[in-house]
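Structure data (PDB, C-alpha atoms) from target28.pdb:
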ATOM      1  CA  MET A  16      15.642 -11.862 -16.127  1.00  0.00           C
ATOM      2  CA  LYS A  17      12.562 -13.955 -16.661  1.00  0.00           C
ATOM      3  CA  GLU A  18      10.051 -13.112 -19.377  1.00  0.00           C
ATOM      4  CA  GLN A  19       7.260 -10.921 -18.022  1.00  0.00           C
ATOM      5  CA  ARG A  20       4.123 -12.916 -17.264  1.00  0.00           C
ATOM      6  CA  ASN A  21       0.744 -12.039 -18.763  1.00  0.00           C
ATOM      7  CA  SER A  22      -1.668 -10.903 -16.059  1.00  0.00           C
ATOM      8  CA  LEU A  23      -5.389 -11.489 -16.096  1.00  0.00           C
ATOM      9  CA  LEU A  24      -7.026  -9.169 -18.664  1.00  0.00           C
ATOM     10  CA  GLY A  25      -3.676  -7.489 -19.281  1.00  0.00           C
ATOM     11  CA  ARG A  26      -3.684  -5.731 -15.891  1.00  0.00           C
ATOM     12  CA  PRO A  27      -0.375  -5.331 -14.058  1.00  0.00           C
ATOM     13  CA  ASP A  28       0.199  -7.456 -10.976  1.00  0.00           C
ATOM     14  CA  ILE A  29       1.568  -4.393  -9.201  1.00  0.00           C
ATOM     15  CA  LEU A  30       1.034  -0.721  -9.969  1.00  0.00           C
ATOM     16  CA  LEU A  31       3.607   1.885  -8.918  1.00  0.00           C
ATOM     17  CA  VAL A  32       2.290   5.435  -8.616  1.00  0.00           C
ATOM     18  CA  ILE A  33       4.863   8.254  -8.600  1.00  0.00           C
ATOM     19  CA  GLN A  34       4.257  11.971  -8.230  1.00  0.00           C
ATOM     20  CA  ASP A  35       5.617  14.080 -11.085  1.00  0.00           C
ATOM     21  CA  GLY A  36       9.052  15.536 -10.477  1.00  0.00           C
ATOM     22  CA  LEU A  37      10.394  12.729  -8.289  1.00  0.00           C
ATOM     23  CA  PRO A  38      13.656  11.009  -9.312  1.00  0.00           C
ATOM     24  CA  ASP A  39      13.627   8.253 -11.942  1.00  0.00           C
ATOM     25  CA  ASN A  40      15.766   6.023  -9.725  1.00  0.00           C
ATOM     26  CA  ILE A  41      12.716   5.393  -7.515  1.00  0.00           C
ATOM     27  CA  GLU A  42      11.104   3.333 -10.275  1.00  0.00           C
ATOM     28  CA  ALA A  43      14.425   1.615 -10.995  1.00  0.00           C
ATOM     29  CA  ASP A  44      14.802   0.567  -7.353  1.00  0.00           C
ATOM     30  CA  VAL A  45      11.351  -1.050  -7.348  1.00  0.00           C
ATOM     31  CA  ARG A  46      11.964  -2.771 -10.679  1.00  0.00           C
ATOM     32  CA  ALA A  47      15.219  -4.209  -9.379  1.00  0.00           C
ATOM     33  CA  HIS A  48      13.195  -6.357  -6.975  1.00  0.00           C
ATOM     34  CA  LEU A  49      10.462  -7.403  -9.410  1.00  0.00           C
ATOM     35  CA  ASP A  50      11.948  -7.784 -12.879  1.00  0.00           C
ATOM     36  CA  GLU A  51      14.096 -10.806 -12.080  1.00  0.00           C
ATOM     37  CA  LEU A  52      10.956 -12.850 -11.477  1.00  0.00           C
ATOM     38  CA  GLY A  53       9.099 -11.415 -14.467  1.00  0.00           C
ATOM     39  CA  LEU A  54       6.425  -9.733 -12.349  1.00  0.00           C
ATOM     40  CA  ASN A  55       4.208  -7.382 -14.321  1.00  0.00           C
ATOM     41  CA  LEU A  56       4.772  -3.836 -12.993  1.00  0.00           C
ATOM     42  CA  GLY A  57       2.745  -0.892 -14.262  1.00  0.00           C
ATOM     43  CA  VAL A  58       3.834   2.699 -13.608  1.00  0.00           C
ATOM     44  CA  ILE A  59       1.667   5.822 -13.443  1.00  0.00           C
ATOM     45  CA  ARG A  60       2.854   9.368 -12.751  1.00  0.00           C
ATOM     46  CA  HIS A  61       0.415  11.834 -11.201  1.00  0.00           C
ATOM     47  CA  PRO A  62       0.572  15.634 -10.858  1.00  0.00           C
ATOM     48  CA  GLY A  63       0.271  15.739  -7.082  1.00  0.00           C
ATOM     49  CA  GLY A  64      -2.846  17.863  -6.629  1.00  0.00           C
ATOM     50  CA  PRO A  65      -4.555  19.983  -5.604  1.00  0.00           C
ATOM     51  CA  TYR A  66      -7.320  17.478  -4.908  1.00  0.00           C
ATOM     52  CA  ALA A  67     -10.821  17.846  -3.537  1.00  0.00           C
ATOM     53  CA  GLY A  68     -11.296  15.317  -0.789  1.00  0.00           C
ATOM     54  CA  VAL A  69     -10.365  14.101   2.674  1.00  0.00           C
ATOM     55  CA  GLU A  70      -6.634  14.057   3.229  1.00  0.00           C
ATOM     56  CA  LEU A  71      -5.945  10.399   4.008  1.00  0.00           C
ATOM     57  CA  TYR A  72      -7.901   9.154   0.993  1.00  0.00           C
ATOM     58  CA  LEU A  73      -5.919  11.326  -1.439  1.00  0.00           C
ATOM     59  CA  PRO A  74      -3.025   9.885  -3.469  1.00  0.00           C
ATOM     60  CA  THR A  75       0.322   9.798  -1.676  1.00  0.00           C
ATOM     61  CA  ALA A  76       3.499  10.934  -3.450  1.00  0.00           C
ATOM     62  CA  LEU A  77       4.584   7.295  -3.829  1.00  0.00           C
ATOM     63  CA  ALA A  78       2.210   4.356  -3.733  1.00  0.00           C
ATOM     64  CA  LEU A  79       1.885   0.699  -4.596  1.00  0.00           C
ATOM     65  CA  PHE A  80      -1.359  -0.928  -5.675  1.00  0.00           C
ATOM     66  CA  VAL A  81      -1.229  -4.707  -5.611  1.00  0.00           C
ATOM     67  CA  ALA A  82      -3.879  -6.590  -7.560  1.00  0.00           C
ATOM     68  CA  ALA A  83      -5.789  -9.442  -6.000  1.00  0.00           C
ATOM     69  CA  GLY A  84      -4.461 -11.616  -8.812  1.00  0.00           C
ATOM     70  CA  PHE A  85      -0.950 -11.271  -7.437  1.00  0.00           C
ATOM     71  CA  PHE A  86      -1.895 -13.162  -4.302  1.00  0.00           C
ATOM     72  CA  ASN A  87      -4.282 -15.735  -5.719  1.00  0.00           C
ATOM     73  CA  GLY A  88      -2.578 -16.187  -9.083  1.00  0.00           C
ATOM     74  CA  VAL A  89       1.056 -15.125  -9.231  1.00  0.00           C
ATOM     75  CA  LEU A  90       2.043 -16.687  -5.929  1.00  0.00           C
ATOM     76  CA  GLN A  91       0.662 -20.026  -7.045  1.00  0.00           C
ATOM     77  CA  GLU A  92       2.946 -19.834 -10.069  1.00  0.00           C
ATOM     78  CA  ALA A  93       6.079 -18.194  -8.662  1.00  0.00           C
ATOM     79  CA  GLY A  94       5.769 -19.102  -4.986  1.00  0.00           C
ATOM     80  CA  LYS A  95       7.720 -17.639  -2.098  1.00  0.00           C
ATOM     81  CA  ASP A  96      10.265 -15.893  -4.317  1.00  0.00           C
ATOM     82  CA  ALA A  97       7.588 -13.608  -5.767  1.00  0.00           C
ATOM     83  CA  TYR A  98       6.224 -12.880  -2.306  1.00  0.00           C
ATOM     84  CA  ALA A  99       9.659 -11.958  -0.971  1.00  0.00           C
ATOM     85  CA  ALA A 100      10.310  -9.834  -4.076  1.00  0.00           C
ATOM     86  CA  PHE A 101       7.149  -7.816  -3.546  1.00  0.00           C
ATOM     87  CA  LYS A 102       7.934  -7.244   0.112  1.00  0.00           C
ATOM     88  CA  GLY A 103      11.421  -6.118  -0.884  1.00  0.00           C
ATOM     89  CA  ALA A 104       9.988  -3.706  -3.448  1.00  0.00           C
ATOM     90  CA  ALA A 105       7.504  -2.296  -0.924  1.00  0.00           C
ATOM     91  CA  ILE A 106      10.242  -1.681   1.632  1.00  0.00           C
ATOM     92  CA  ALA A 107      12.565  -0.173  -0.994  1.00  0.00           C
ATOM     93  CA  LEU A 108       9.818   2.264  -1.973  1.00  0.00           C
ATOM     94  CA  TRP A 109       9.309   3.208   1.670  1.00  0.00           C
ATOM     95  CA  ARG A 110      13.008   3.974   2.028  1.00  0.00           C
ATOM     96  CA  SER A 111      12.736   6.311  -0.950  1.00  0.00           C
ATOM     97  CA  ALA A 112       9.590   7.902   0.478  1.00  0.00           C
ATOM     98  CA  SER A 113      11.030   8.399   3.960  1.00  0.00           C
ATOM     99  CA  GLY A 114      13.402  11.046   2.619  1.00  0.00           C
ATOM    100  CA  LEU A 115      10.651  13.108   0.969  1.00  0.00           C
ATOM    101  CA  THR A 116       8.924  16.180   2.331  1.00  0.00           C
ATOM    102  CA  VAL A 117       5.310  16.308   1.154  1.00  0.00           C
ATOM    103  CA  THR A 118       2.883  19.150   1.840  1.00  0.00           C
ATOM    104  CA  ALA A 119      -0.827  18.384   1.819  1.00  0.00           C
ATOM    105  CA  VAL A 120      -2.891  20.263  -0.760  1.00  0.00           C
ATOM    106  CA  GLY A 121      -6.619  19.598  -0.523  1.00  0.00           C
ATOM    107  CA  THR A 122     -10.026  21.012   0.188  1.00  0.00           C
ATOM    108  CA  SER A 123     -10.118  23.761   2.808  1.00  0.00           C
ATOM    109  CA  GLY A 124     -11.028  22.351   6.208  1.00  0.00           C
ATOM    110  CA  LYS A 125     -10.130  18.797   5.218  1.00  0.00           C
ATOM    111  CA  VAL A 126      -6.342  18.988   5.484  1.00  0.00           C
ATOM    112  CA  SER A 127      -4.817  18.539   8.920  1.00  0.00           C
ATOM    113  CA  PRO A 128      -2.294  21.177  10.105  1.00  0.00           C
ATOM    114  CA  THR A 129      -0.160  18.399  11.619  1.00  0.00           C
ATOM    115  CA  GLU A 130       0.437  15.120   9.853  1.00  0.00           C
ATOM    116  CA  ARG A 131      -0.200  11.919  11.805  1.00  0.00           C
ATOM    117  CA  PHE A 132       0.452   9.785   8.738  1.00  0.00           C
ATOM    118  CA  SER A 133       3.003   9.999   5.962  1.00  0.00           C
ATOM    119  CA  LEU A 134       1.736  11.673   2.791  1.00  0.00           C
ATOM    120  CA  ALA A 135       4.690  10.245   0.924  1.00  0.00           C
ATOM    121  CA  TYR A 136       3.853   6.526   0.978  1.00  0.00           C
ATOM    122  CA  SER A 137       0.990   4.044   0.941  1.00  0.00           C
ATOM    123  CA  ILE A 138       0.129   0.544  -0.247  1.00  0.00           C
ATOM    124  CA  THR A 139      -3.331  -0.484  -1.397  1.00  0.00           C
ATOM    125  CA  GLY A 140      -4.350  -4.121  -1.557  1.00  0.00           C
ATOM    126  CA  GLU A 141      -7.169  -4.967  -3.945  1.00  0.00           C
ATOM    127  CA  MET A 142      -9.989  -7.081  -2.611  1.00  0.00           C
ATOM    128  CA  VAL A 143     -12.355  -8.948  -4.938  1.00  0.00           C
ATOM    129  CA  PRO A 144     -15.046  -8.173  -4.038  1.00  0.00           C
ATOM    130  CA  GLY A 145     -14.116  -4.932  -2.266  1.00  0.00           C
ATOM    131  CA  PRO A 146     -13.542  -2.858  -0.297  1.00  0.00           C
ATOM    132  CA  ASN A 147      -9.840  -2.298  -0.895  1.00  0.00           C
ATOM    133  CA  PHE A 148      -7.441  -1.768   2.006  1.00  0.00           C
ATOM    134  CA  LYS A 149      -5.006   1.167   2.038  1.00  0.00           C
ATOM    135  CA  PHE A 150      -2.032   1.014   4.387  1.00  0.00           C
ATOM    136  CA  LEU A 151      -0.670   4.223   5.902  1.00  0.00           C
ATOM    137  CA  ILE A 152       2.505   4.728   7.931  1.00  0.00           C
ATOM    138  CA  GLN A 153       2.460   6.872  11.049  1.00  0.00           C
ATOM    139  CA  THR A 154       4.981   9.710  11.068  1.00  0.00           C
ATOM    140  CA  GLU A 155       6.165   9.176  14.646  1.00  0.00           C
ATOM    141  CA  ILE A 156       7.645   5.683  14.269  1.00  0.00           C
ATOM    142  CA  ASP A 157      11.156   4.486  13.502  1.00  0.00           C
ATOM    143  CA  ALA A 158      12.316   2.776  10.325  1.00  0.00           C
ATOM    144  CA  GLU A 159      12.291  -0.730  11.827  1.00  0.00           C
ATOM    145  CA  THR A 160       8.677  -0.357  12.928  1.00  0.00           C
ATOM    146  CA  ALA A 161       7.637   1.064   9.573  1.00  0.00           C
ATOM    147  CA  GLU A 162       9.198  -1.860   7.729  1.00  0.00           C
ATOM    148  CA  ALA A 163       7.643  -4.357  10.149  1.00  0.00           C
ATOM    149  CA  GLY A 164       4.286  -2.734   9.445  1.00  0.00           C
ATOM    150  CA  ILE A 165       4.750  -3.057   5.699  1.00  0.00           C
ATOM    151  CA  GLY A 166       5.495  -6.745   6.073  1.00  0.00           C
ATOM    152  CA  ALA A 167       2.493  -7.245   8.353  1.00  0.00           C
ATOM    153  CA  PHE A 168       0.168  -5.504   5.892  1.00  0.00           C
ATOM    154  CA  VAL A 169       1.357  -7.596   2.949  1.00  0.00           C
ATOM    155  CA  ASP A 170       0.787 -10.732   5.033  1.00  0.00           C
ATOM    156  CA  LEU A 171      -2.682  -9.464   5.964  1.00  0.00           C
ATOM    157  CA  ILE A 172      -3.768  -8.932   2.353  1.00  0.00           C
ATOM    158  CA  ARG A 173      -2.527 -12.404   1.450  1.00  0.00           C
ATOM    159  CA  ASP A 174      -4.460 -13.928   4.340  1.00  0.00           C
ATOM    160  CA  LEU A 175      -7.639 -11.970   3.554  1.00  0.00           C
ATOM    161  CA  LEU A 176      -7.637 -13.119  -0.053  1.00  0.00           C
ATOM    162  CA  ASN A 177      -7.080 -16.703   1.004  1.00  0.00           C
ATOM    163  CA  ASP A 178      -9.788 -16.686   3.712  1.00  0.00           C
ATOM    164  CA  ARG A 179      -7.306 -17.257   6.514  1.00  0.00           C
ATOM    165  CA  LEU A 180      -8.654 -14.630   8.914  1.00  0.00           C
ATOM    166  CA  ALA A 181     -11.362 -15.235  11.495  1.00  0.00           C
ATOM    167  CA  GLU A 182     -14.598 -13.324  10.920  1.00  0.00           C
ATOM    168  CA  ALA A 183     -14.057 -11.336  14.116  1.00  0.00           C
ATOM    169  CA  ASP A 184     -10.664 -10.160  12.880  1.00  0.00           C
ATOM    170  CA  VAL A 185     -12.160  -9.088   9.544  1.00  0.00           C
ATOM    171  CA  ARG A 186     -14.945  -7.187  11.304  1.00  0.00           C
ATOM    172  CA  ALA A 187     -12.355  -5.376  13.424  1.00  0.00           C
ATOM    173  CA  LEU A 188     -10.660  -4.096  10.259  1.00  0.00           C
ATOM    174  CA  LEU A 189     -14.012  -2.717   9.086  1.00  0.00           C
ATOM    175  CA  THR A 190     -14.630  -0.600  12.194  1.00  0.00           C
ATOM    176  CA  TYR A 191     -14.916   2.538  10.055  1.00  0.00           C
ATOM    177  CA  LYS A 192     -17.111   2.802   6.985  1.00  0.00           C
ATOM    178  CA  PRO A 193     -15.223   2.593   3.652  1.00  0.00           C
ATOM    179  CA  VAL A 194     -14.926   5.808   1.658  1.00  0.00           C
ATOM    180  CA  SER A 195     -14.940   5.426  -2.131  1.00  0.00           C
ATOM    181  CA  GLY A 196     -14.485   1.697  -1.629  1.00  0.00           C
ATOM    182  CA  THR A 197     -11.375   2.084   0.535  1.00  0.00           C
ATOM    183  CA  VAL A 198     -10.667   1.145   4.154  1.00  0.00           C
ATOM    184  CA  LEU A 199      -7.676   2.752   5.873  1.00  0.00           C
ATOM    185  CA  LEU A 200      -5.276   0.712   8.006  1.00  0.00           C
ATOM    186  CA  THR A 201      -2.021   1.305   9.853  1.00  0.00           C
ATOM    187  CA  PHE A 202       0.468  -0.603  12.027  1.00  0.00           C
ATOM    188  CA  ASP A 203       0.277  -0.129  15.779  1.00  0.00           C
ATOM    189  CA  ALA A 204       3.798  -0.137  17.219  1.00  0.00           C
ATOM    190  CA  ALA A 205       2.678  -1.159  20.715  1.00  0.00           C
ATOM    191  CA  SER A 206       0.554  -4.171  19.790  1.00  0.00           C
ATOM    192  CA  ARG A 207       2.506  -4.983  16.584  1.00  0.00           C
ATOM    193  CA  LYS A 208      -0.821  -5.400  14.798  1.00  0.00           C
ATOM    194  CA  ILE A 209      -2.605  -3.871  11.828  1.00  0.00           C
ATOM    195  CA  ILE A 210      -5.449  -1.647  13.040  1.00  0.00           C
ATOM    196  CA  PRO A 211      -8.180   0.452  11.352  1.00  0.00           C
ATOM    197  CA  VAL A 212      -7.854   4.217  10.880  1.00  0.00           C
ATOM    198  CA  ASN A 213     -10.610   6.802  11.079  1.00  0.00           C
ATOM    199  CA  GLY A 214      -9.950   8.801   7.916  1.00  0.00           C
ATOM    200  CA  PHE A 215     -11.862  11.810   9.215  1.00  0.00           C
ATOM    201  CA  GLU A 216     -10.181  12.022  12.599  1.00  0.00           C
ATOM    202  CA  SER A 217      -7.136  13.952  11.363  1.00  0.00           C
ATOM    203  CA  SER A 218      -9.320  16.693   9.924  1.00  0.00           C
ATOM    204  CA  ALA A 219     -11.327  17.229  13.096  1.00  0.00           C
TER     205      ALA A 219
END
Go ahead and render the structure in this file as structure tokens.
Amino acid sequence: MKEQRNSLLGRPDILLVIQDGLPDNIEADVRAHLDELGLNLGVIRHPGGPYAGVELYLPTALALFVAAGFFNGVLQEAGKDAYAAFKGAAIALWRSASGLTVTAVGTSGKVSPTERFSLAYSITGEMVPGPNFKFLIQTEIDAETAEAGIGAFVDLIRDLLNDRLAEADVRALLTYKPVSGTVLLTFDAASRKIIPVNGFESSA
């Protein structure tokens, strides 16, 4: 295993968020993909609510937060291996999340009776400057589509941070106003593209 790299200002390259009470092997599975390359992984456990807020902006049971420095710093140092390792970790976490049953606990009137998106899993990509982009997985898709969506989102964050997207494509992602500095996105199975999500639609 390579020596862990020092991130900018001591921040982790990747942050893994795990709800209290979930198995320890979830963290181990993610680390198995990242430690070999010395990627700096931080881990936070959270109590899982109740929270006051709109459902889709609340923490999911399992989540990854990837710092902007991973894409514009780490990849320049470690190259394609680090990129593939992160994708592998993100998919491994999804496989752990797909077996979880999560019940929404939030403010009355702001939690949907039927879940359009998984409350077990999300990835947030940090933008500098913001807003950040949070990726959600729809509940009515198969595993192959979910994993394709994860890969597409990781590619999108890389391209955004490296100014590879056309302005029209960026504007399309910002169709809905950010809430607390976060824009919601998902993967559309029909078009095979990342699309914006109206975070208030599920609570209508």
Exercise for the section: Pick out the residues sitting within 10 Å of A:Ser195, and hand them over as number ranges by chain; count all atoms listed in the file, and ignore anything fewer than 3 positions along from it in its own chain. Expected result: A: 72, 146-147, 192, 198
Between stretch 100-215 of chain A and stretch 42-53 of chain A, at 9 Å or less, what are the per-residue closest atom pairs and their distances in Å? Count all atoms listed in the file, order by chain and rising residue number, and return it as a Markdown table.
| residue | atom | partner | partner_atom | distance |
| --- | --- | --- | --- | --- |
| A:Ala100 | CA | A:His48 | CA | 5.4 |
| A:Phe101 | CA | A:Leu49 | CA | 6.7 |
| A:Lys102 | CA | A:His48 | CA | 8.9 |
| A:Gly103 | CA | A:His48 | CA | 6.3 |
| A:Ala104 | CA | A:Val45 | CA | 4.9 |
| A:Ala105 | CA | A:Val45 | CA | 7.6 |
| A:Ala107 | CA | A:Val45 | CA | 6.5 |
| A:Leu108 | CA | A:Val45 | CA | 6.5 |
| A:Ser111 | CA | A:Asp44 | CA | 8.8 |
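Straight-line separation from atom CA of A:Gly63 to atom CA of A:Ala158: 24.8 Å.
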Handout entry: Between atom CA of A:Glu182 and atom CA of A:Gly166, distance in Å (one decimal)
Key =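 Going from atom CA of A:Glu182 over to atom CA of A:Gly166 covers 21.7 Å.
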Practice task
List, as a list in words, every residue that the PyMOL selection byres ((chain A and resi 160) around 12) selects in the file provided.
Solution key: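 Applied to this file, the PyMOL selection byres ((chain A and resi 160) around 12) returns Ile106, Trp109, Ile152, Gln153, Thr154, Glu155, Ile156, Asp157, Ala158, Glu159, Ala161, Glu162, Ala163, Gly164, Ile165, Gly166, Ala167, Thr201, Phe202, Asp203, Ala204, Ala205, Ser206, Arg207, Lys208 and Ile209 of chain A.
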Problem - Point-to-point distance from atom CA of A:Phe80 to atom CA of A:Leu31, Å rounded to tenths - result: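 So the two atoms, atom CA of A:Phe80 and atom CA of A:Leu31, lie 6.6 Å apart.
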Problem - Ground truth for the PyMOL selection byres ((chain A and resi 32) around 8), written as a ChimeraX atom specification - result: /A:30-31,33-34,58-61,76-80
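For the file shown, the residue list from the PyMOL selection byres ((chain A and resi 214) around 9) reads Val69, Glu70, Leu71, Tyr72, Tyr191, Val194, Val198, Leu199, Val212, Asn213, Phe215, Glu216, Ser217 and Ser218 of chain A.
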Take the residues that were just selected and, keeping C-alpha atoms, output them as a JSON list (two decimals), in the frame of the given file.
[["chain", "number", "residue", "atom", "x", "y", "z"],
["A", 69, "VAL", "CA", -10.36, 14.10, 2.67],
["A", 70, "GLU", "CA", -6.63, 14.06, 3.23],
["A", 71, "LEU", "CA", -5.94, 10.40, 4.01],
["A", 72, "TYR", "CA", -7.90, 9.15, 0.99],
["A", 191, "TYR", "CA", -14.92, 2.54, 10.06],
["A", 194, "VAL", "CA", -14.93, 5.81, 1.66],
["A", 198, "VAL", "CA", -10.67, 1.14, 4.15],
["A", 199, "LEU", "CA", -7.68, 2.75, 5.87],
["A", 212, "VAL", "CA", -7.85, 4.22, 10.88],
["A", 213, "ASN", "CA", -10.61, 6.80, 11.08],
["A", 215, "PHE", "CA", -11.86, 11.81, 9.22],
["A", 216, "GLU", "CA", -10.18, 12.02, 12.60],
["A", 217, "SER", "CA", -7.14, 13.95, 11.36],
["A", 218, "SER", "CA", -9.32, 16.69, 9.92]]
Exercise for the section: Skip A:Phe150 itself and residues of its chain fewer than 5 positions away, then list as a ChimeraX atom specification all residues within 6 Å of it, counting all atoms listed in the file. Expected result: /A:137-138,200-201
Only C-alpha atoms, please: the residues just picked out, written as a PDB file, in the coordinates of the input.
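The result, written out as result-v2.pdb:
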ATOM      1  CA  SER A 137       0.990   4.044   0.941  1.00  0.00           C
ATOM      2  CA  ILE A 138       0.129   0.544  -0.247  1.00  0.00           C
ATOM      3  CA  LEU A 200      -5.276   0.712   8.006  1.00  0.00           C
ATOM      4  CA  THR A 201      -2.021   1.305   9.853  1.00  0.00           C
TER       5      THR A 201
END
Exercise for the section: May I have the residues within 12 Å of A:Leu175 as a PyMOL selection string, using only C-alpha atoms and disregarding those fewer than 3 positions away in the same chain? Expected result: chain A and resi 83+86-87+140-148+168-172+178-182+184-186+188
Completion exercise
A:Leu189 proximity check over A:Leu176, A:Leu54, A:Ile210, A:Leu37, using only C-alpha atoms: winner is A:Ile210
